[in-house]
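Chemist: Below is the file work_15.pdb, with PDB, N, CA and C atoms and all ligand atoms.
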```pdb
ATOM      1  N   MET R  10      -1.723  22.690 -10.600  1.00  0.00           N
ATOM      2  CA  MET R  10      -0.817  21.876  -9.808  1.00  0.00           C
ATOM      3  C   MET R  10      -0.709  20.500 -10.460  1.00  0.00           C
ATOM      4  N   HIS R  11       0.524  20.047 -10.619  1.00  0.00           N
ATOM      5  CA  HIS R  11       0.753  18.796 -11.341  1.00  0.00           C
ATOM      6  C   HIS R  11       1.216  17.703 -10.385  1.00  0.00           C
ATOM      7  N   ILE R  12       0.618  16.531 -10.503  1.00  0.00           N
ATOM      8  CA  ILE R  12       1.008  15.384  -9.679  1.00  0.00           C
ATOM      9  C   ILE R  12       2.007  14.552 -10.473  1.00  0.00           C
ATOM     10  N   GLU R  13       3.165  14.367  -9.867  1.00  0.00           N
ATOM     11  CA  GLU R  13       4.230  13.668 -10.578  1.00  0.00           C
ATOM     12  C   GLU R  13       4.603  12.402  -9.805  1.00  0.00           C
ATOM     13  N   LEU R  14       4.735  11.307 -10.537  1.00  0.00           N
ATOM     14  CA  LEU R  14       5.112  10.033  -9.915  1.00  0.00           C
ATOM     15  C   LEU R  14       6.548   9.683 -10.300  1.00  0.00           C
ATOM     16  N   ASP R  15       7.338   9.389  -9.285  1.00  0.00           N
ATOM     17  CA  ASP R  15       8.689   8.873  -9.512  1.00  0.00           C
ATOM     18  C   ASP R  15       8.540   7.350  -9.633  1.00  0.00           C
ATOM     19  N   THR R  16       8.300   6.893 -10.842  1.00  0.00           N
ATOM     20  CA  THR R  16       7.910   5.497 -11.071  1.00  0.00           C
ATOM     21  C   THR R  16       8.880   4.467 -10.467  1.00  0.00           C
ATOM     22  N   PRO R  17      10.189   4.596 -10.661  1.00  0.00           N
ATOM     23  CA  PRO R  17      11.088   3.583 -10.089  1.00  0.00           C
ATOM     24  C   PRO R  17      11.023   3.497  -8.563  1.00  0.00           C
ATOM     25  N   ARG R  18      10.633   4.579  -7.938  1.00  0.00           N
ATOM     26  CA  ARG R  18      10.569   4.629  -6.478  1.00  0.00           C
ATOM     27  C   ARG R  18       9.295   3.959  -5.936  1.00  0.00           C
ATOM     28  N   CYS R  19       8.243   3.999  -6.725  1.00  0.00           N
ATOM     29  CA  CYS R  19       6.932   3.512  -6.276  1.00  0.00           C
ATOM     30  C   CYS R  19       6.970   2.007  -6.031  1.00  0.00           C
ATOM     31  N   GLU R  20       6.449   1.600  -4.869  1.00  0.00           N
ATOM     32  CA  GLU R  20       6.438   0.183  -4.510  1.00  0.00           C
ATOM     33  C   GLU R  20       5.030  -0.398  -4.507  1.00  0.00           C
ATOM     34  N   GLY R  21       4.070   0.377  -4.996  1.00  0.00           N
ATOM     35  CA  GLY R  21       2.724  -0.153  -5.159  1.00  0.00           C
ATOM     36  C   GLY R  21       1.963  -0.398  -3.867  1.00  0.00           C
ATOM     37  N   HIS R  22       2.253   0.376  -2.838  1.00  0.00           N
ATOM     38  CA  HIS R  22       1.554   0.190  -1.565  1.00  0.00           C
ATOM     39  C   HIS R  22       0.066   0.535  -1.673  1.00  0.00           C
ATOM     40  N   GLY R  23      -0.254   1.496  -2.514  1.00  0.00           N
ATOM     41  CA  GLY R  23      -1.656   1.849  -2.712  1.00  0.00           C
ATOM     42  C   GLY R  23      -2.232   2.797  -1.683  1.00  0.00           C
ATOM     43  N   LEU R  24      -1.410   3.261  -0.749  1.00  0.00           N
ATOM     44  CA  LEU R  24      -1.939   4.198   0.253  1.00  0.00           C
ATOM     45  C   LEU R  24      -2.390   5.497  -0.405  1.00  0.00           C
ATOM     46  N   CYS R  25      -1.698   5.902  -1.438  1.00  0.00           N
ATOM     47  CA  CYS R  25      -2.077   7.124  -2.150  1.00  0.00           C
ATOM     48  C   CYS R  25      -3.449   6.964  -2.788  1.00  0.00           C
ATOM     49  N   GLU R  26      -3.707   5.779  -3.314  1.00  0.00           N
ATOM     50  CA  GLU R  26      -5.026   5.527  -3.917  1.00  0.00           C
ATOM     51  C   GLU R  26      -6.126   5.646  -2.870  1.00  0.00           C
ATOM     52  N   GLU R  27      -5.857   5.165  -1.679  1.00  0.00           N
ATOM     53  CA  GLU R  27      -6.852   5.280  -0.608  1.00  0.00           C
ATOM     54  C   GLU R  27      -7.107   6.742  -0.262  1.00  0.00           C
ATOM     55  N   ALA R  28      -6.061   7.561  -0.332  1.00  0.00           N
ATOM     56  CA  ALA R  28      -6.192   8.983   0.014  1.00  0.00           C
ATOM     57  C   ALA R  28      -6.859   9.779  -1.104  1.00  0.00           C
ATOM     58  N   ALA R  29      -6.653   9.356  -2.343  1.00  0.00           N
ATOM     59  CA  ALA R  29      -7.166  10.139  -3.477  1.00  0.00           C
ATOM     60  C   ALA R  29      -7.628   9.207  -4.596  1.00  0.00           C
ATOM     61  N   PRO R  30      -8.693   8.423  -4.314  1.00  0.00           N
ATOM     62  CA  PRO R  30      -9.112   7.400  -5.291  1.00  0.00           C
ATOM     63  C   PRO R  30      -9.599   7.974  -6.614  1.00  0.00           C
ATOM     64  N   GLU R  31     -10.056   9.221  -6.623  1.00  0.00           N
ATOM     65  CA  GLU R  31     -10.543   9.775  -7.886  1.00  0.00           C
ATOM     66  C   GLU R  31      -9.398  10.334  -8.735  1.00  0.00           C
ATOM     67  N   LEU R  32      -8.188  10.351  -8.171  1.00  0.00           N
ATOM     68  CA  LEU R  32      -7.052  10.918  -8.897  1.00  0.00           C
ATOM     69  C   LEU R  32      -6.069   9.866  -9.392  1.00  0.00           C
ATOM     70  N   MET R  33      -6.055   8.699  -8.751  1.00  0.00           N
ATOM     71  CA  MET R  33      -5.045   7.683  -9.093  1.00  0.00           C
ATOM     72  C   MET R  33      -5.536   6.300  -8.704  1.00  0.00           C
ATOM     73  N   HIS R  34      -5.007   5.275  -9.376  1.00  0.00           N
ATOM     74  CA  HIS R  34      -5.363   3.903  -9.014  1.00  0.00           C
ATOM     75  C   HIS R  34      -4.221   2.962  -9.360  1.00  0.00           C
ATOM     76  N   LEU R  35      -4.208   1.837  -8.676  1.00  0.00           N
ATOM     77  CA  LEU R  35      -3.265   0.765  -9.022  1.00  0.00           C
ATOM     78  C   LEU R  35      -3.911  -0.082 -10.108  1.00  0.00           C
ATOM     79  N   ASP R  36      -3.154  -0.370 -11.176  1.00  0.00           N
ATOM     80  CA  ASP R  36      -3.728  -1.201 -12.235  1.00  0.00           C
ATOM     81  C   ASP R  36      -3.581  -2.678 -11.870  1.00  0.00           C
ATOM     82  N   ASP R  37      -4.009  -3.545 -12.777  1.00  0.00           N
ATOM     83  CA  ASP R  37      -4.021  -4.985 -12.487  1.00  0.00           C
ATOM     84  C   ASP R  37      -2.627  -5.531 -12.201  1.00  0.00           C
ATOM     85  N   GLU R  38      -1.615  -4.841 -12.697  1.00  0.00           N
ATOM     86  CA  GLU R  38      -0.243  -5.281 -12.437  1.00  0.00           C
ATOM     87  C   GLU R  38       0.360  -4.665 -11.174  1.00  0.00           C
ATOM     88  N   GLY R  39      -0.407  -3.836 -10.506  1.00  0.00           N
ATOM     89  CA  GLY R  39       0.098  -3.206  -9.295  1.00  0.00           C
ATOM     90  C   GLY R  39       0.889  -1.943  -9.566  1.00  0.00           C
ATOM     91  N   ASP R  40       0.795  -1.436 -10.798  1.00  0.00           N
ATOM     92  CA  ASP R  40       1.471  -0.171 -11.123  1.00  0.00           C
ATOM     93  C   ASP R  40       0.507   0.981 -10.908  1.00  0.00           C
ATOM     94  N   LEU R  41       1.028   2.050 -10.333  1.00  0.00           N
ATOM     95  CA  LEU R  41       0.167   3.198 -10.083  1.00  0.00           C
ATOM     96  C   LEU R  41      -0.037   4.002 -11.360  1.00  0.00           C
ATOM     97  N   VAL R  42      -1.291   4.348 -11.609  1.00  0.00           N
ATOM     98  CA  VAL R  42      -1.652   5.187 -12.743  1.00  0.00           C
ATOM     99  C   VAL R  42      -2.250   6.479 -12.192  1.00  0.00           C
ATOM    100  N   ILE R  43      -1.693   7.614 -12.604  1.00  0.00           N
ATOM    101  CA  ILE R  43      -2.275   8.907 -12.213  1.00  0.00           C
ATOM    102  C   ILE R  43      -3.354   9.235 -13.239  1.00  0.00           C
ATOM    103  N   ASP R  44      -4.598   9.164 -12.819  1.00  0.00           N
ATOM    104  CA  ASP R  44      -5.712   9.394 -13.743  1.00  0.00           C
ATOM    105  C   ASP R  44      -5.943  10.875 -13.975  1.00  0.00           C
ATOM    106  N   VAL R  45      -5.706  11.681 -12.958  1.00  0.00           N
ATOM    107  CA  VAL R  45      -5.917  13.127 -13.071  1.00  0.00           C
ATOM    108  C   VAL R  45      -4.625  13.817 -12.641  1.00  0.00           C
ATOM    109  N   PRO R  46      -3.688  14.027 -13.571  1.00  0.00           N
ATOM    110  CA  PRO R  46      -2.375  14.562 -13.195  1.00  0.00           C
ATOM    111  C   PRO R  46      -2.380  16.058 -12.895  1.00  0.00           C
ATOM    112  N   ASP R  47      -3.382  16.772 -13.345  1.00  0.00           N
ATOM    113  CA  ASP R  47      -3.417  18.220 -13.115  1.00  0.00           C
ATOM    114  C   ASP R  47      -4.678  18.601 -12.366  1.00  0.00           C
ATOM    115  N   VAL R  48      -4.502  19.252 -11.219  1.00  0.00           N
ATOM    116  CA  VAL R  48      -5.647  19.654 -10.401  1.00  0.00           C
ATOM    117  C   VAL R  48      -5.539  21.138 -10.057  1.00  0.00           C
ATOM    118  N   ASP R  49      -6.703  21.739  -9.877  1.00  0.00           N
ATOM    119  CA  ASP R  49      -6.773  23.151  -9.488  1.00  0.00           C
ATOM    120  C   ASP R  49      -6.217  23.322  -8.072  1.00  0.00           C
ATOM    121  N   GLU R  50      -5.324  24.253  -7.911  1.00  0.00           N
ATOM    122  CA  GLU R  50      -4.603  24.473  -6.652  1.00  0.00           C
ATOM    123  C   GLU R  50      -5.503  24.610  -5.420  1.00  0.00           C
ATOM    124  N   ASN R  51      -6.656  25.247  -5.575  1.00  0.00           N
ATOM    125  CA  ASN R  51      -7.525  25.526  -4.425  1.00  0.00           C
ATOM    126  C   ASN R  51      -8.747  24.619  -4.365  1.00  0.00           C
ATOM    127  N   SER R  52      -8.635  23.457  -4.949  1.00  0.00           N
ATOM    128  CA  SER R  52      -9.792  22.558  -5.007  1.00  0.00           C
ATOM    129  C   SER R  52      -9.687  21.446  -3.964  1.00  0.00           C
ATOM    130  N   ASP R  53     -10.799  20.732  -3.772  1.00  0.00           N
ATOM    131  CA  ASP R  53     -10.790  19.551  -2.913  1.00  0.00           C
ATOM    132  C   ASP R  53      -9.819  18.515  -3.453  1.00  0.00           C
ATOM    133  N   ARG R  54      -9.756  18.446  -4.765  1.00  0.00           N
ATOM    134  CA  ARG R  54      -8.837  17.490  -5.378  1.00  0.00           C
ATOM    135  C   ARG R  54      -7.395  17.783  -4.994  1.00  0.00           C
ATOM    136  N   ALA R  55      -7.054  19.042  -4.910  1.00  0.00           N
ATOM    137  CA  ALA R  55      -5.690  19.416  -4.515  1.00  0.00           C
ATOM    138  C   ALA R  55      -5.415  18.962  -3.085  1.00  0.00           C
ATOM    139  N   GLU R  56      -6.421  19.110  -2.215  1.00  0.00           N
ATOM    140  CA  GLU R  56      -6.263  18.641  -0.837  1.00  0.00           C
ATOM    141  C   GLU R  56      -5.988  17.144  -0.807  1.00  0.00           C
ATOM    142  N   ARG R  57      -6.738  16.414  -1.621  1.00  0.00           N
ATOM    143  CA  ARG R  57      -6.548  14.959  -1.634  1.00  0.00           C
ATOM    144  C   ARG R  57      -5.210  14.597  -2.278  1.00  0.00           C
ATOM    145  N   ALA R  58      -4.792  15.367  -3.262  1.00  0.00           N
ATOM    146  CA  ALA R  58      -3.470  15.115  -3.861  1.00  0.00           C
ATOM    147  C   ALA R  58      -2.380  15.323  -2.811  1.00  0.00           C
ATOM    148  N   ARG R  59      -2.514  16.371  -2.004  1.00  0.00           N
ATOM    149  CA  ARG R  59      -1.527  16.618  -0.940  1.00  0.00           C
ATOM    150  C   ARG R  59      -1.539  15.470   0.070  1.00  0.00           C
ATOM    151  N   ALA R  60      -2.738  14.972   0.385  1.00  0.00           N
ATOM    152  CA  ALA R  60      -2.846  13.854   1.328  1.00  0.00           C
ATOM    153  C   ALA R  60      -2.151  12.618   0.748  1.00  0.00           C
ATOM    154  N   ALA R  61      -2.315  12.379  -0.546  1.00  0.00           N
ATOM    155  CA  ALA R  61      -1.672  11.226  -1.186  1.00  0.00           C
ATOM    156  C   ALA R  61      -0.156  11.341  -1.091  1.00  0.00           C
ATOM    157  N   VAL R  62       0.355  12.543  -1.310  1.00  0.00           N
ATOM    158  CA  VAL R  62       1.802  12.764  -1.213  1.00  0.00           C
ATOM    159  C   VAL R  62       2.280  12.469   0.207  1.00  0.00           C
ATOM    160  N   ARG R  63       1.499  12.914   1.189  1.00  0.00           N
ATOM    161  CA  ARG R  63       1.899  12.734   2.597  1.00  0.00           C
ATOM    162  C   ARG R  63       1.929  11.266   3.010  1.00  0.00           C
ATOM    163  N   VAL R  64       0.990  10.478   2.515  1.00  0.00           N
ATOM    164  CA  VAL R  64       0.907   9.095   3.005  1.00  0.00           C
ATOM    165  C   VAL R  64       1.867   8.145   2.291  1.00  0.00           C
ATOM    166  N   CYS R  65       2.413   8.539   1.178  1.00  0.00           N
ATOM    167  CA  CYS R  65       3.313   7.625   0.458  1.00  0.00           C
ATOM    168  C   CYS R  65       4.558   7.350   1.310  1.00  0.00           C
ATOM    169  N   PRO R  66       4.781   6.081   1.660  1.00  0.00           N
ATOM    170  CA  PRO R  66       5.894   5.764   2.564  1.00  0.00           C
ATOM    171  C   PRO R  66       7.273   5.889   1.922  1.00  0.00           C
ATOM    172  N   VAL R  67       7.316   5.973   0.598  1.00  0.00           N
ATOM    173  CA  VAL R  67       8.629   6.052  -0.056  1.00  0.00           C
ATOM    174  C   VAL R  67       8.817   7.368  -0.818  1.00  0.00           C
ATOM    175  N   ALA R  68       7.921   8.326  -0.560  1.00  0.00           N
ATOM    176  CA  ALA R  68       8.017   9.661  -1.176  1.00  0.00           C
ATOM    177  C   ALA R  68       8.136   9.597  -2.689  1.00  0.00           C
ATOM    178  N   ALA R  69       7.259   8.802  -3.292  1.00  0.00           N
ATOM    179  CA  ALA R  69       7.303   8.646  -4.752  1.00  0.00           C
ATOM    180  C   ALA R  69       6.429   9.663  -5.481  1.00  0.00           C
ATOM    181  N   LEU R  70       5.623  10.413  -4.735  1.00  0.00           N
ATOM    182  CA  LEU R  70       4.740  11.411  -5.362  1.00  0.00           C
ATOM    183  C   LEU R  70       5.228  12.807  -5.032  1.00  0.00           C
ATOM    184  N   ARG R  71       5.099  13.689  -6.017  1.00  0.00           N
ATOM    185  CA  ARG R  71       5.510  15.084  -5.851  1.00  0.00           C
ATOM    186  C   ARG R  71       4.478  15.983  -6.498  1.00  0.00           C
ATOM    187  N   LEU R  72       4.352  17.174  -5.966  1.00  0.00           N
ATOM    188  CA  LEU R  72       3.461  18.170  -6.568  1.00  0.00           C
ATOM    189  C   LEU R  72       4.301  19.336  -7.049  1.00  0.00           C
ATOM    190  N   ASN R  73       3.997  19.812  -8.232  1.00  0.00           N
ATOM    191  CA  ASN R  73       4.671  21.037  -8.675  1.00  0.00           C
ATOM    192  C   ASN R  73       3.787  21.839  -9.611  1.00  0.00           C
TER     193      ASN R  73
HETATM  194  S1  LIG R 101       1.685   5.162  -1.815  1.00  0.00           S
HETATM  195 FE1  LIG R 101       3.626   5.671  -2.865  1.00  0.00          FE
HETATM  196  S2  LIG R 101       4.603   3.705  -3.194  1.00  0.00           S
HETATM  197 FE2  LIG R 101       2.460   3.319  -2.768  1.00  0.00          FE
HETATM  198  S3  LIG R 101       1.420   3.220  -4.753  1.00  0.00           S
HETATM  199 FE3  LIG R 101       1.284   5.310  -4.002  1.00  0.00          FE
HETATM  200  S4  LIG R 101       3.054   6.352  -4.893  1.00  0.00           S
HETATM  201 FE4  LIG R 101       3.447   4.165  -5.043  1.00  0.00          FE
END
```
Please render this file's structure as structure tokens.
Ligand code: SF4

Modeler:
Amino acid sequence: MHIELDTPRCEGHGLCEEAAPELMHLDDEGDLVIDVPDVDENSDRAERARAAVRVCPVAALRLN
């Protein structure tokens, strides 16, 4: 499962980082960096990736 960021859409709220801190972080400039873009579909990481997608207020994250 791949985590995809729609960069122009992202507003740097950081809610996704709170939901999945081991998968993504905001850098010093406030830009989101996906540290682990590919996760196993049935893993805890996948659950947290789904949670990150759900909490993003501007729907900038997608899974495929
Ligand atoms: S929650 Fe959405 S808008 Fe905020 S940093 Fe994450 S992807 Fe970007």

Chemist: Go ahead and fit an axis-aligned box to every listed atom of ligand LIG 101 (chain R) plus 6 Å each side, and pass me the centre and edge lengths in Å, one decimal, as lines of an AutoDock Vina configuration file.

Modeler:
```
center_x = 2.9
center_y = 4.8
center_z = -3.4
size_x = 15.3
size_y = 15.1
size_z = 15.2
```

Chemist: With distances taken over only N, CA and C atoms, which residue among R:Met10, R:Glu20, R:Leu72, R:Arg54 lies nearest R:Gly39?

Modeler: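 Distance minimum relative to R:Gly39 lands on R:Glu20.
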
Chemist: So what does the PyMOL selection byres (((chain R and resi 59 and name CA) around 10) and not hetatm and name CA) actually pick up in this one, as a PDB file with N, CA and C atoms, in the coordinates of the input?

Modeler:
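The file below, selection-v3.pdb, is the result:
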```pdb
ATOM      1  N   ILE R  12       0.618  16.531 -10.503  1.00  0.00           N
ATOM      2  CA  ILE R  12       1.008  15.384  -9.679  1.00  0.00           C
ATOM      3  C   ILE R  12       2.007  14.552 -10.473  1.00  0.00           C
ATOM      4  N   CYS R  25      -1.698   5.902  -1.438  1.00  0.00           N
ATOM      5  CA  CYS R  25      -2.077   7.124  -2.150  1.00  0.00           C
ATOM      6  C   CYS R  25      -3.449   6.964  -2.788  1.00  0.00           C
ATOM      7  N   ALA R  28      -6.061   7.561  -0.332  1.00  0.00           N
ATOM      8  CA  ALA R  28      -6.192   8.983   0.014  1.00  0.00           C
ATOM      9  C   ALA R  28      -6.859   9.779  -1.104  1.00  0.00           C
ATOM     10  N   ALA R  29      -6.653   9.356  -2.343  1.00  0.00           N
ATOM     11  CA  ALA R  29      -7.166  10.139  -3.477  1.00  0.00           C
ATOM     12  C   ALA R  29      -7.628   9.207  -4.596  1.00  0.00           C
ATOM     13  N   ASP R  53     -10.799  20.732  -3.772  1.00  0.00           N
ATOM     14  CA  ASP R  53     -10.790  19.551  -2.913  1.00  0.00           C
ATOM     15  C   ASP R  53      -9.819  18.515  -3.453  1.00  0.00           C
ATOM     16  N   ARG R  54      -9.756  18.446  -4.765  1.00  0.00           N
ATOM     17  CA  ARG R  54      -8.837  17.490  -5.378  1.00  0.00           C
ATOM     18  C   ARG R  54      -7.395  17.783  -4.994  1.00  0.00           C
ATOM     19  N   ALA R  55      -7.054  19.042  -4.910  1.00  0.00           N
ATOM     20  CA  ALA R  55      -5.690  19.416  -4.515  1.00  0.00           C
ATOM     21  C   ALA R  55      -5.415  18.962  -3.085  1.00  0.00           C
ATOM     22  N   GLU R  56      -6.421  19.110  -2.215  1.00  0.00           N
ATOM     23  CA  GLU R  56      -6.263  18.641  -0.837  1.00  0.00           C
ATOM     24  C   GLU R  56      -5.988  17.144  -0.807  1.00  0.00           C
ATOM     25  N   ARG R  57      -6.738  16.414  -1.621  1.00  0.00           N
ATOM     26  CA  ARG R  57      -6.548  14.959  -1.634  1.00  0.00           C
ATOM     27  C   ARG R  57      -5.210  14.597  -2.278  1.00  0.00           C
ATOM     28  N   ALA R  58      -4.792  15.367  -3.262  1.00  0.00           N
ATOM     29  CA  ALA R  58      -3.470  15.115  -3.861  1.00  0.00           C
ATOM     30  C   ALA R  58      -2.380  15.323  -2.811  1.00  0.00           C
ATOM     31  N   ALA R  60      -2.738  14.972   0.385  1.00  0.00           N
ATOM     32  CA  ALA R  60      -2.846  13.854   1.328  1.00  0.00           C
ATOM     33  C   ALA R  60      -2.151  12.618   0.748  1.00  0.00           C
ATOM     34  N   ALA R  61      -2.315  12.379  -0.546  1.00  0.00           N
ATOM     35  CA  ALA R  61      -1.672  11.226  -1.186  1.00  0.00           C
ATOM     36  C   ALA R  61      -0.156  11.341  -1.091  1.00  0.00           C
ATOM     37  N   VAL R  62       0.355  12.543  -1.310  1.00  0.00           N
ATOM     38  CA  VAL R  62       1.802  12.764  -1.213  1.00  0.00           C
ATOM     39  C   VAL R  62       2.280  12.469   0.207  1.00  0.00           C
ATOM     40  N   ARG R  63       1.499  12.914   1.189  1.00  0.00           N
ATOM     41  CA  ARG R  63       1.899  12.734   2.597  1.00  0.00           C
ATOM     42  C   ARG R  63       1.929  11.266   3.010  1.00  0.00           C
ATOM     43  N   VAL R  64       0.990  10.478   2.515  1.00  0.00           N
ATOM     44  CA  VAL R  64       0.907   9.095   3.005  1.00  0.00           C
ATOM     45  C   VAL R  64       1.867   8.145   2.291  1.00  0.00           C
ATOM     46  N   LEU R  70       5.623  10.413  -4.735  1.00  0.00           N
ATOM     47  CA  LEU R  70       4.740  11.411  -5.362  1.00  0.00           C
ATOM     48  C   LEU R  70       5.228  12.807  -5.032  1.00  0.00           C
ATOM     49  N   ARG R  71       5.099  13.689  -6.017  1.00  0.00           N
ATOM     50  CA  ARG R  71       5.510  15.084  -5.851  1.00  0.00           C
ATOM     51  C   ARG R  71       4.478  15.983  -6.498  1.00  0.00           C
ATOM     52  N   LEU R  72       4.352  17.174  -5.966  1.00  0.00           N
ATOM     53  CA  LEU R  72       3.461  18.170  -6.568  1.00  0.00           C
ATOM     54  C   LEU R  72       4.301  19.336  -7.049  1.00  0.00           C
TER      55      LEU R  72
END
```

Chemist: Which residues are near ligand LIG 101 (chain R) - at most 9 Å, using only C-alpha atoms and all ligand atoms? Format: as a CSV table (one decimal) with N, CA and C atoms, in the frame of the given file.

Modeler:
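Result saved to pocket38.csv:
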```
chain,number,residue,atom,x,y,z
R,14,LEU,N,4.7,11.3,-10.5
R,14,LEU,CA,5.1,10.0,-9.9
R,14,LEU,C,6.5,9.7,-10.3
R,15,ASP,N,7.3,9.4,-9.3
R,15,ASP,CA,8.7,8.9,-9.5
R,15,ASP,C,8.5,7.4,-9.6
R,16,THR,N,8.3,6.9,-10.8
R,16,THR,CA,7.9,5.5,-11.1
R,16,THR,C,8.9,4.5,-10.5
R,18,ARG,N,10.6,4.6,-7.9
R,18,ARG,CA,10.6,4.6,-6.5
R,18,ARG,C,9.3,4.0,-5.9
R,19,CYS,N,8.2,4.0,-6.7
R,19,CYS,CA,6.9,3.5,-6.3
R,19,CYS,C,7.0,2.0,-6.0
R,20,GLU,N,6.4,1.6,-4.9
R,20,GLU,CA,6.4,0.2,-4.5
R,20,GLU,C,5.0,-0.4,-4.5
R,21,GLY,N,4.1,0.4,-5.0
R,21,GLY,CA,2.7,-0.2,-5.2
R,21,GLY,C,2.0,-0.4,-3.9
R,22,HIS,N,2.3,0.4,-2.8
R,22,HIS,CA,1.6,0.2,-1.6
R,22,HIS,C,0.1,0.5,-1.7
R,23,GLY,N,-0.3,1.5,-2.5
R,23,GLY,CA,-1.7,1.8,-2.7
R,23,GLY,C,-2.2,2.8,-1.7
R,24,LEU,N,-1.4,3.3,-0.7
R,24,LEU,CA,-1.9,4.2,0.3
R,24,LEU,C,-2.4,5.5,-0.4
R,25,CYS,N,-1.7,5.9,-1.4
R,25,CYS,CA,-2.1,7.1,-2.2
R,25,CYS,C,-3.4,7.0,-2.8
R,26,GLU,N,-3.7,5.8,-3.3
R,26,GLU,CA,-5.0,5.5,-3.9
R,26,GLU,C,-6.1,5.6,-2.9
R,27,GLU,N,-5.9,5.2,-1.7
R,27,GLU,CA,-6.9,5.3,-0.6
R,27,GLU,C,-7.1,6.7,-0.3
R,28,ALA,N,-6.1,7.6,-0.3
R,28,ALA,CA,-6.2,9.0,0.0
R,28,ALA,C,-6.9,9.8,-1.1
R,33,MET,N,-6.1,8.7,-8.8
R,33,MET,CA,-5.0,7.7,-9.1
R,33,MET,C,-5.5,6.3,-8.7
R,34,HIS,N,-5.0,5.3,-9.4
R,34,HIS,CA,-5.4,3.9,-9.0
R,34,HIS,C,-4.2,3.0,-9.4
R,35,LEU,N,-4.2,1.8,-8.7
R,35,LEU,CA,-3.3,0.8,-9.0
R,35,LEU,C,-3.9,-0.1,-10.1
R,39,GLY,N,-0.4,-3.8,-10.5
R,39,GLY,CA,0.1,-3.2,-9.3
R,39,GLY,C,0.9,-1.9,-9.6
R,40,ASP,N,0.8,-1.4,-10.8
R,40,ASP,CA,1.5,-0.2,-11.1
R,40,ASP,C,0.5,1.0,-10.9
R,41,LEU,N,1.0,2.0,-10.3
R,41,LEU,CA,0.2,3.2,-10.1
R,41,LEU,C,0.0,4.0,-11.4
R,42,VAL,N,-1.3,4.3,-11.6
R,42,VAL,CA,-1.7,5.2,-12.7
R,42,VAL,C,-2.2,6.5,-12.2
R,61,ALA,N,-2.3,12.4,-0.5
R,61,ALA,CA,-1.7,11.2,-1.2
R,61,ALA,C,-0.2,11.3,-1.1
R,62,VAL,N,0.4,12.5,-1.3
R,62,VAL,CA,1.8,12.8,-1.2
R,62,VAL,C,2.3,12.5,0.2
R,63,ARG,N,1.5,12.9,1.2
R,63,ARG,CA,1.9,12.7,2.6
R,63,ARG,C,1.9,11.3,3.0
R,64,VAL,N,1.0,10.5,2.5
R,64,VAL,CA,0.9,9.1,3.0
R,64,VAL,C,1.9,8.1,2.3
R,65,CYS,N,2.4,8.5,1.2
R,65,CYS,CA,3.3,7.6,0.5
R,65,CYS,C,4.6,7.4,1.3
R,66,PRO,N,4.8,6.1,1.7
R,66,PRO,CA,5.9,5.8,2.6
R,66,PRO,C,7.3,5.9,1.9
R,67,VAL,N,7.3,6.0,0.6
R,67,VAL,CA,8.6,6.1,-0.1
R,67,VAL,C,8.8,7.4,-0.8
R,68,ALA,N,7.9,8.3,-0.6
R,68,ALA,CA,8.0,9.7,-1.2
R,68,ALA,C,8.1,9.6,-2.7
R,69,ALA,N,7.3,8.8,-3.3
R,69,ALA,CA,7.3,8.6,-4.8
R,69,ALA,C,6.4,9.7,-5.5
R,70,LEU,N,5.6,10.4,-4.7
R,70,LEU,CA,4.7,11.4,-5.4
R,70,LEU,C,5.2,12.8,-5.0
```

Chemist: Please, what distance in Å, to one decimal, runs between atom N of R:Glu13 and atom C of R:Val45?

Modeler: 8.3 Å

Chemist: What residues in chain R get the DSSP label strand (DSSP E or B)? Please answer as a list in words.

Modeler: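 The strand (DSSP E or B) residues within chain R come out as His11, Ile12, Glu13, Leu14, Met33, His34, Leu35, Leu41, Val42, Ile43, Asp47, Leu70, Arg71 and Leu72 of chain R.
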
Chemist: Report the distance between atom CA of R:Asp37 and atom N of R:His11 in Å, rounded to one decimal place.

Modeler: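 One can read the atom CA of R:Asp37 to atom N of R:His11 distance as 25.5 Å.
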
Chemist: Output as a list in words all residues of stretch 17-51 of chain R that backbone DSSP marks as alpha helix (DSSP H).

Modeler: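 Of stretch 17-51 of chain R, the ones in alpha helix (DSSP H) are Leu24, Cys25, Glu26, Glu27 and Ala28 of chain R.
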
Chemist: Quote the spacing between atom N of R:Asn51 and atom C of R:Pro30 in Å to one decimal place.

Modeler: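 Distance reported for this atom pair: 17.6 Å.
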